[in-house]
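Listing of entry26.txt, compact mmCIF, N, CA and C atoms
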```txt
# COMPACT_ATOMS: atom_id res chain seq x y z
N ILE A 1 93.20 101.44 87.42
CA ILE A 1 94.00 102.53 86.85
C ILE A 1 93.53 102.75 85.42
N LYS A 2 93.16 103.96 85.13
CA LYS A 2 92.68 104.27 83.79
C LYS A 2 93.12 105.67 83.44
N GLU A 3 93.63 105.86 82.27
CA GLU A 3 94.05 107.19 81.85
C GLU A 3 93.54 107.45 80.44
N GLY A 4 92.24 107.42 80.28
CA GLY A 4 91.67 107.64 78.96
C GLY A 4 91.87 106.45 78.06
N ASN A 5 91.61 106.62 76.80
CA ASN A 5 91.76 105.53 75.85
C ASN A 5 92.97 105.78 74.96
N LYS A 6 94.11 105.91 75.56
CA LYS A 6 95.33 106.13 74.80
C LYS A 6 95.69 104.86 74.04
N MET A 7 95.97 105.03 72.78
CA MET A 7 96.43 103.90 71.99
C MET A 7 97.92 103.69 72.23
N THR A 8 98.30 102.46 72.23
CA THR A 8 99.70 102.12 72.45
C THR A 8 100.49 102.35 71.16
N LYS A 9 101.69 102.88 71.31
CA LYS A 9 102.57 103.12 70.16
C LYS A 9 103.82 102.27 70.30
N PRO A 10 104.46 101.93 69.18
CA PRO A 10 105.72 101.17 69.27
C PRO A 10 106.77 101.95 70.06
N LEU A 11 107.64 101.20 70.74
CA LEU A 11 108.67 101.82 71.58
C LEU A 11 110.04 101.73 70.94
N PRO A 12 110.88 102.73 71.18
CA PRO A 12 112.28 102.62 70.79
C PRO A 12 112.92 101.45 71.55
N LYS A 13 113.96 100.89 70.96
CA LYS A 13 114.61 99.71 71.53
C LYS A 13 115.06 99.91 72.98
N TRP A 14 115.63 101.07 73.30
CA TRP A 14 116.16 101.29 74.65
C TRP A 14 115.04 101.32 75.70
N ILE A 15 113.86 101.79 75.31
CA ILE A 15 112.72 101.80 76.25
C ILE A 15 112.11 100.40 76.33
N MET A 16 112.05 99.72 75.18
CA MET A 16 111.49 98.36 75.16
C MET A 16 112.29 97.44 76.06
N TYR A 17 113.61 97.60 76.09
CA TYR A 17 114.45 96.78 76.97
C TYR A 17 114.06 97.01 78.43
N ARG A 18 113.91 98.27 78.82
CA ARG A 18 113.55 98.59 80.21
C ARG A 18 112.14 98.12 80.54
N TYR A 19 111.22 98.25 79.56
CA TYR A 19 109.87 97.72 79.76
C TYR A 19 109.94 96.22 80.07
N SER A 20 110.73 95.49 79.30
CA SER A 20 110.79 94.03 79.49
C SER A 20 111.36 93.67 80.87
N VAL A 21 112.34 94.43 81.34
CA VAL A 21 112.89 94.20 82.69
C VAL A 21 111.81 94.45 83.74
N LEU A 22 111.09 95.55 83.59
CA LEU A 22 110.02 95.88 84.54
C LEU A 22 108.88 94.85 84.47
N TRP A 23 108.51 94.45 83.25
CA TRP A 23 107.42 93.47 83.09
C TRP A 23 107.80 92.14 83.73
N ASN A 24 109.05 91.70 83.54
CA ASN A 24 109.49 90.43 84.13
C ASN A 24 109.48 90.49 85.66
N LYS A 25 109.68 91.67 86.22
CA LYS A 25 109.68 91.82 87.67
C LYS A 25 108.26 92.00 88.24
N PHE A 26 107.47 92.90 87.63
CA PHE A 26 106.19 93.28 88.21
C PHE A 26 104.96 92.70 87.52
N GLY A 27 105.10 92.32 86.24
CA GLY A 27 103.92 91.85 85.51
C GLY A 27 102.85 92.92 85.56
N ASP A 28 101.63 92.53 85.92
CA ASP A 28 100.53 93.52 85.96
C ASP A 28 100.27 94.05 87.36
N LYS A 29 101.27 93.93 88.24
CA LYS A 29 101.14 94.46 89.60
C LYS A 29 101.57 95.93 89.64
N GLU A 30 101.05 96.66 90.62
CA GLU A 30 101.43 98.06 90.78
C GLU A 30 102.82 98.15 91.41
N PHE A 31 103.53 99.24 91.08
CA PHE A 31 104.86 99.48 91.64
C PHE A 31 105.11 100.97 91.75
N SER A 32 106.10 101.32 92.54
CA SER A 32 106.45 102.74 92.74
C SER A 32 107.66 103.12 91.89
N HIS A 33 107.94 104.42 91.85
CA HIS A 33 109.13 104.92 91.16
C HIS A 33 110.38 104.29 91.77
N ASN A 34 110.40 104.21 93.09
CA ASN A 34 111.55 103.63 93.78
C ASN A 34 111.73 102.15 93.43
N ASP A 35 110.61 101.40 93.33
CA ASP A 35 110.67 99.99 92.92
C ASP A 35 111.30 99.88 91.53
N ALA A 36 110.87 100.75 90.62
CA ALA A 36 111.40 100.73 89.26
C ALA A 36 112.89 101.07 89.27
N PHE A 37 113.27 102.07 90.07
CA PHE A 37 114.67 102.49 90.18
C PHE A 37 115.55 101.32 90.63
N LYS A 38 115.10 100.59 91.64
CA LYS A 38 115.86 99.44 92.14
C LYS A 38 115.91 98.32 91.10
N THR A 39 114.78 98.05 90.45
CA THR A 39 114.71 96.97 89.46
C THR A 39 115.59 97.26 88.27
N LEU A 40 115.69 98.52 87.88
CA LEU A 40 116.52 98.89 86.73
C LEU A 40 117.96 99.21 87.17
N ASN A 41 118.38 98.63 88.29
CA ASN A 41 119.74 98.78 88.79
C ASN A 41 120.18 100.24 88.93
N LYS A 42 119.28 101.03 89.54
CA LYS A 42 119.57 102.44 89.81
C LYS A 42 119.88 103.23 88.54
N ASP A 43 119.22 102.85 87.45
CA ASP A 43 119.34 103.53 86.16
C ASP A 43 118.92 105.00 86.32
N LYS A 44 119.77 105.92 85.93
CA LYS A 44 119.47 107.34 86.06
C LYS A 44 118.38 107.79 85.08
N MET A 45 118.02 106.93 84.12
CA MET A 45 117.01 107.25 83.13
C MET A 45 115.62 106.78 83.54
N VAL A 46 115.44 106.34 84.78
CA VAL A 46 114.17 105.73 85.18
C VAL A 46 113.00 106.70 85.04
N SER A 47 113.16 107.95 85.40
CA SER A 47 112.06 108.92 85.28
C SER A 47 111.69 109.13 83.81
N ILE A 48 112.70 109.24 82.96
CA ILE A 48 112.45 109.42 81.53
C ILE A 48 111.79 108.16 80.96
N THR A 49 112.26 107.00 81.39
CA THR A 49 111.69 105.73 80.93
C THR A 49 110.21 105.65 81.29
N LEU A 50 109.87 105.93 82.54
CA LEU A 50 108.47 105.86 82.98
C LEU A 50 107.62 106.88 82.22
N SER A 51 108.15 108.06 82.01
CA SER A 51 107.43 109.09 81.27
C SER A 51 107.18 108.64 79.82
N GLU A 52 108.19 108.12 79.17
CA GLU A 52 108.06 107.65 77.78
C GLU A 52 107.07 106.48 77.68
N LEU A 53 107.15 105.56 78.64
CA LEU A 53 106.21 104.43 78.64
C LEU A 53 104.78 104.95 78.79
N ARG A 54 104.57 105.92 79.65
CA ARG A 54 103.23 106.47 79.86
C ARG A 54 102.75 107.21 78.61
N GLN A 55 103.60 108.05 78.04
CA GLN A 55 103.22 108.82 76.86
C GLN A 55 102.91 107.93 75.66
N ASN A 56 103.57 106.77 75.60
CA ASN A 56 103.35 105.84 74.48
C ASN A 56 102.29 104.80 74.77
N GLY A 57 101.63 104.91 75.94
CA GLY A 57 100.51 104.05 76.25
C GLY A 57 100.84 102.69 76.84
N TRP A 58 102.08 102.47 77.26
CA TRP A 58 102.49 101.18 77.83
C TRP A 58 102.42 101.15 79.35
N LEU A 59 102.14 102.28 79.97
CA LEU A 59 102.17 102.40 81.42
C LEU A 59 100.99 103.26 81.86
N GLU A 60 100.33 102.84 82.93
CA GLU A 60 99.26 103.62 83.52
C GLU A 60 99.74 104.14 84.86
N MET A 61 99.23 105.31 85.25
CA MET A 61 99.71 105.96 86.46
C MET A 61 98.53 106.50 87.25
N LYS A 62 98.65 106.47 88.58
CA LYS A 62 97.67 107.12 89.45
C LYS A 62 98.41 107.64 90.67
N LEU A 63 97.73 108.48 91.44
CA LEU A 63 98.33 108.99 92.68
C LEU A 63 98.29 107.91 93.75
N ASN A 64 99.30 107.88 94.57
CA ASN A 64 99.35 106.95 95.69
C ASN A 64 98.26 107.36 96.69
N PRO A 65 97.36 106.44 97.06
CA PRO A 65 96.28 106.81 97.98
C PRO A 65 96.78 107.22 99.37
N ASN A 66 97.99 106.79 99.74
CA ASN A 66 98.54 107.12 101.06
C ASN A 66 99.38 108.40 101.06
N ASP A 67 99.83 108.83 99.87
CA ASP A 67 100.67 110.02 99.78
C ASP A 67 100.50 110.61 98.39
N ALA A 68 99.72 111.66 98.27
CA ALA A 68 99.38 112.24 96.97
C ALA A 68 100.59 112.82 96.23
N ARG A 69 101.71 112.95 96.90
CA ARG A 69 102.92 113.43 96.21
C ARG A 69 103.58 112.32 95.39
N LYS A 70 103.21 111.08 95.67
CA LYS A 70 103.84 109.93 95.00
C LYS A 70 102.90 109.31 93.99
N ARG A 71 103.46 108.62 93.03
CA ARG A 71 102.70 107.97 91.98
C ARG A 71 102.79 106.45 92.13
N VAL A 72 101.76 105.77 91.62
CA VAL A 72 101.75 104.31 91.54
C VAL A 72 101.63 103.98 90.06
N TYR A 73 102.45 103.05 89.59
CA TYR A 73 102.50 102.70 88.18
C TYR A 73 102.03 101.27 87.97
N LYS A 74 101.51 101.02 86.77
CA LYS A 74 101.12 99.67 86.38
C LYS A 74 101.34 99.54 84.87
N LEU A 75 102.06 98.49 84.48
CA LEU A 75 102.35 98.26 83.06
C LEU A 75 101.17 97.61 82.37
N LYS A 76 100.99 97.95 81.11
CA LYS A 76 100.05 97.21 80.28
C LYS A 76 100.74 95.92 79.88
N SER A 77 99.96 94.87 79.73
CA SER A 77 100.55 93.60 79.30
C SER A 77 101.02 93.74 77.85
N PRO A 78 102.03 92.98 77.45
CA PRO A 78 102.47 93.02 76.05
C PRO A 78 101.33 92.69 75.09
N ASP A 79 100.49 91.70 75.45
CA ASP A 79 99.36 91.32 74.59
C ASP A 79 98.41 92.50 74.38
N GLN A 80 98.06 93.17 75.47
CA GLN A 80 97.14 94.30 75.39
C GLN A 80 97.74 95.42 74.54
N ALA A 81 99.02 95.71 74.76
CA ALA A 81 99.69 96.78 74.02
C ALA A 81 99.71 96.48 72.53
N ILE A 82 100.00 95.25 72.17
CA ILE A 82 100.07 94.88 70.74
C ILE A 82 98.69 94.94 70.11
N LYS A 83 97.68 94.47 70.82
CA LYS A 83 96.31 94.55 70.29
C LYS A 83 95.90 96.00 70.04
N GLU A 84 96.28 96.89 70.94
CA GLU A 84 95.95 98.30 70.77
C GLU A 84 96.69 98.91 69.58
N MET A 85 97.91 98.46 69.34
CA MET A 85 98.66 98.95 68.18
C MET A 85 97.96 98.54 66.89
N GLU A 86 97.44 97.31 66.85
CA GLU A 86 96.74 96.80 65.66
C GLU A 86 95.50 97.65 65.37
N LYS A 87 94.77 98.04 66.43
CA LYS A 87 93.56 98.85 66.27
C LYS A 87 93.87 100.21 65.69
N ASP A 88 95.03 100.73 66.02
CA ASP A 88 95.42 102.09 65.63
C ASP A 88 95.70 102.21 64.14
N GLU A 89 96.03 101.11 63.51
CA GLU A 89 96.40 101.17 62.08
C GLU A 89 95.22 101.16 61.16
```
Would you mind writing the file's structure down as structure tokens?
Amino acid sequence: IKEGNKMTKPLPKWIMYRYSVLWNKFGDKEFSHNDAFKTLNKDKMVSITLSELRQNGWLEMKLNPNDARKRVYKLKSPDQAIKEMEKDE
């Protein structure tokens, strides 16, 4: 999964909390929107959370090879994200 060389940006606290829940569940494994929805206890903000994580460089996305209407997500590791933030400064 690659989406250009987006630099990681710091996250607001409410997104960082959701990132940590997702990271503890999936680590560097791929997951679906539905997986995230279930993991975040049916949080109605899951679409916004995934979008914000992607825009800030903490999440990579690709089309599902079995169904092009669906997306597959993968989180960047905290180490990788922090290293990228250091490079940006």
Could you pull out the residues in segment 34-83 of chain A that DSSP calls strand (DSSP E) from the backbone, as a PyMOL selection string? chain A and resi 59-64+67-75
Write the residues of the preceding selection, restricted to N, CA and C atoms, as a short mmCIF file (atom, residue, chain, number, x, y, z; two decimals), keeping the file's coordinate frame.
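Final file, again30.cif:
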```cif
data_model
loop_
_atom_site.label_atom_id
_atom_site.label_comp_id
_atom_site.auth_asym_id
_atom_site.auth_seq_id
_atom_site.Cartn_x
_atom_site.Cartn_y
_atom_site.Cartn_z
N LEU A 59 102.14 102.28 79.97
CA LEU A 59 102.17 102.40 81.42
C LEU A 59 100.99 103.26 81.86
N GLU A 60 100.33 102.84 82.93
CA GLU A 60 99.26 103.62 83.52
C GLU A 60 99.74 104.14 84.86
N MET A 61 99.23 105.31 85.25
CA MET A 61 99.71 105.96 86.46
C MET A 61 98.53 106.50 87.25
N LYS A 62 98.65 106.47 88.58
CA LYS A 62 97.67 107.12 89.45
C LYS A 62 98.41 107.64 90.67
N LEU A 63 97.73 108.48 91.44
CA LEU A 63 98.33 108.99 92.68
C LEU A 63 98.29 107.91 93.75
N ASN A 64 99.30 107.88 94.57
CA ASN A 64 99.35 106.95 95.69
C ASN A 64 98.26 107.36 96.69
N ASP A 67 99.83 108.83 99.87
CA ASP A 67 100.67 110.02 99.78
C ASP A 67 100.50 110.61 98.39
N ALA A 68 99.72 111.66 98.27
CA ALA A 68 99.38 112.24 96.97
C ALA A 68 100.59 112.82 96.23
N ARG A 69 101.71 112.95 96.90
CA ARG A 69 102.92 113.43 96.21
C ARG A 69 103.58 112.32 95.39
N LYS A 70 103.21 111.08 95.67
CA LYS A 70 103.84 109.93 95.00
C LYS A 70 102.90 109.31 93.99
N ARG A 71 103.46 108.62 93.03
CA ARG A 71 102.70 107.97 91.98
C ARG A 71 102.79 106.45 92.13
N VAL A 72 101.76 105.77 91.62
CA VAL A 72 101.75 104.31 91.54
C VAL A 72 101.63 103.98 90.06
N TYR A 73 102.45 103.05 89.59
CA TYR A 73 102.50 102.70 88.18
C TYR A 73 102.03 101.27 87.97
N LYS A 74 101.51 101.02 86.77
CA LYS A 74 101.12 99.67 86.38
C LYS A 74 101.34 99.54 84.87
N LEU A 75 102.06 98.49 84.48
CA LEU A 75 102.35 98.26 83.06
C LEU A 75 101.17 97.61 82.37
#
```
For segment 23-29 of chain A, work out the shell of residues within 10 Å, counting only C-alpha atoms and skipping chain neighbours fewer than 4 positions away, then give it as an NGL selection string. :A and (17-19 or 35-36 or 39-40 or 73-78)
I'd like the interatomic distance between atom CA of Arg54 of chain A and atom N of Met7 of chain A, to a tenth of an Å.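 Computing the Euclidean distance for atom CA of Arg54 of chain A and atom N of Met7 of chain A yields 10.2 Å.
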Give me, as a ChimeraX atom specification, all polymer residues having an atom no more than 10 Å from Thr49 of chain A, counting only C-alpha atoms and skipping those fewer than 2 positions away in the same chain. /A:14-16,18-19,36,43-47,51-55
What does the file look like for those residues with N, CA and C atoms, as a PDB file, in the frame of the given file?
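After the write, again_33.pdb holds the following:
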```pdb
ATOM      1  N   TRP A  14     115.630 101.070  73.300  1.00  0.00           N
ATOM      2  CA  TRP A  14     116.160 101.290  74.650  1.00  0.00           C
ATOM      3  C   TRP A  14     115.040 101.320  75.700  1.00  0.00           C
ATOM      4  N   ILE A  15     113.860 101.790  75.310  1.00  0.00           N
ATOM      5  CA  ILE A  15     112.720 101.800  76.250  1.00  0.00           C
ATOM      6  C   ILE A  15     112.110 100.400  76.330  1.00  0.00           C
ATOM      7  N   MET A  16     112.050  99.720  75.180  1.00  0.00           N
ATOM      8  CA  MET A  16     111.490  98.360  75.160  1.00  0.00           C
ATOM      9  C   MET A  16     112.290  97.440  76.060  1.00  0.00           C
ATOM     10  N   ARG A  18     113.910  98.270  78.820  1.00  0.00           N
ATOM     11  CA  ARG A  18     113.550  98.590  80.210  1.00  0.00           C
ATOM     12  C   ARG A  18     112.140  98.120  80.540  1.00  0.00           C
ATOM     13  N   TYR A  19     111.220  98.250  79.560  1.00  0.00           N
ATOM     14  CA  TYR A  19     109.870  97.720  79.760  1.00  0.00           C
ATOM     15  C   TYR A  19     109.940  96.220  80.070  1.00  0.00           C
ATOM     16  N   ALA A  36     110.870 100.750  90.620  1.00  0.00           N
ATOM     17  CA  ALA A  36     111.400 100.730  89.260  1.00  0.00           C
ATOM     18  C   ALA A  36     112.890 101.070  89.270  1.00  0.00           C
ATOM     19  N   ASP A  43     119.220 102.850  87.450  1.00  0.00           N
ATOM     20  CA  ASP A  43     119.340 103.530  86.160  1.00  0.00           C
ATOM     21  C   ASP A  43     118.920 105.000  86.320  1.00  0.00           C
ATOM     22  N   LYS A  44     119.770 105.920  85.930  1.00  0.00           N
ATOM     23  CA  LYS A  44     119.470 107.340  86.060  1.00  0.00           C
ATOM     24  C   LYS A  44     118.380 107.790  85.080  1.00  0.00           C
ATOM     25  N   MET A  45     118.020 106.930  84.120  1.00  0.00           N
ATOM     26  CA  MET A  45     117.010 107.250  83.130  1.00  0.00           C
ATOM     27  C   MET A  45     115.620 106.780  83.540  1.00  0.00           C
ATOM     28  N   VAL A  46     115.440 106.340  84.780  1.00  0.00           N
ATOM     29  CA  VAL A  46     114.170 105.730  85.180  1.00  0.00           C
ATOM     30  C   VAL A  46     113.000 106.700  85.040  1.00  0.00           C
ATOM     31  N   SER A  47     113.160 107.950  85.400  1.00  0.00           N
ATOM     32  CA  SER A  47     112.060 108.920  85.280  1.00  0.00           C
ATOM     33  C   SER A  47     111.690 109.130  83.810  1.00  0.00           C
ATOM     34  N   SER A  51     108.150 108.060  82.010  1.00  0.00           N
ATOM     35  CA  SER A  51     107.430 109.090  81.270  1.00  0.00           C
ATOM     36  C   SER A  51     107.180 108.640  79.820  1.00  0.00           C
ATOM     37  N   GLU A  52     108.190 108.120  79.170  1.00  0.00           N
ATOM     38  CA  GLU A  52     108.060 107.650  77.780  1.00  0.00           C
ATOM     39  C   GLU A  52     107.070 106.480  77.680  1.00  0.00           C
ATOM     40  N   LEU A  53     107.150 105.560  78.640  1.00  0.00           N
ATOM     41  CA  LEU A  53     106.210 104.430  78.640  1.00  0.00           C
ATOM     42  C   LEU A  53     104.780 104.950  78.790  1.00  0.00           C
ATOM     43  N   ARG A  54     104.570 105.920  79.650  1.00  0.00           N
ATOM     44  CA  ARG A  54     103.230 106.470  79.860  1.00  0.00           C
ATOM     45  C   ARG A  54     102.750 107.210  78.610  1.00  0.00           C
ATOM     46  N   GLN A  55     103.600 108.050  78.040  1.00  0.00           N
ATOM     47  CA  GLN A  55     103.220 108.820  76.860  1.00  0.00           C
ATOM     48  C   GLN A  55     102.910 107.930  75.660  1.00  0.00           C
TER      49      GLN A  55
END
```
For the helix (DSSP H, G or I) assignment from backbone DSSP, which residues of chain A qualify? Please present them as a VMD selection string. chain A and resid 13 to 26 33 to 39 46 to 55 78 to 88
Atom-to-atom span, atom N of Ala81 of chain A and atom N of Ser20 of chain A, Å: 12.6 Å
Can you work out the spacing between atom N of Lys70 of chain A and atom CA of Thr8 of chain A in Å, to one decimal?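 Pair atom N of Lys70 of chain A / atom CA of Thr8 of chain A returns 25.1 Å.
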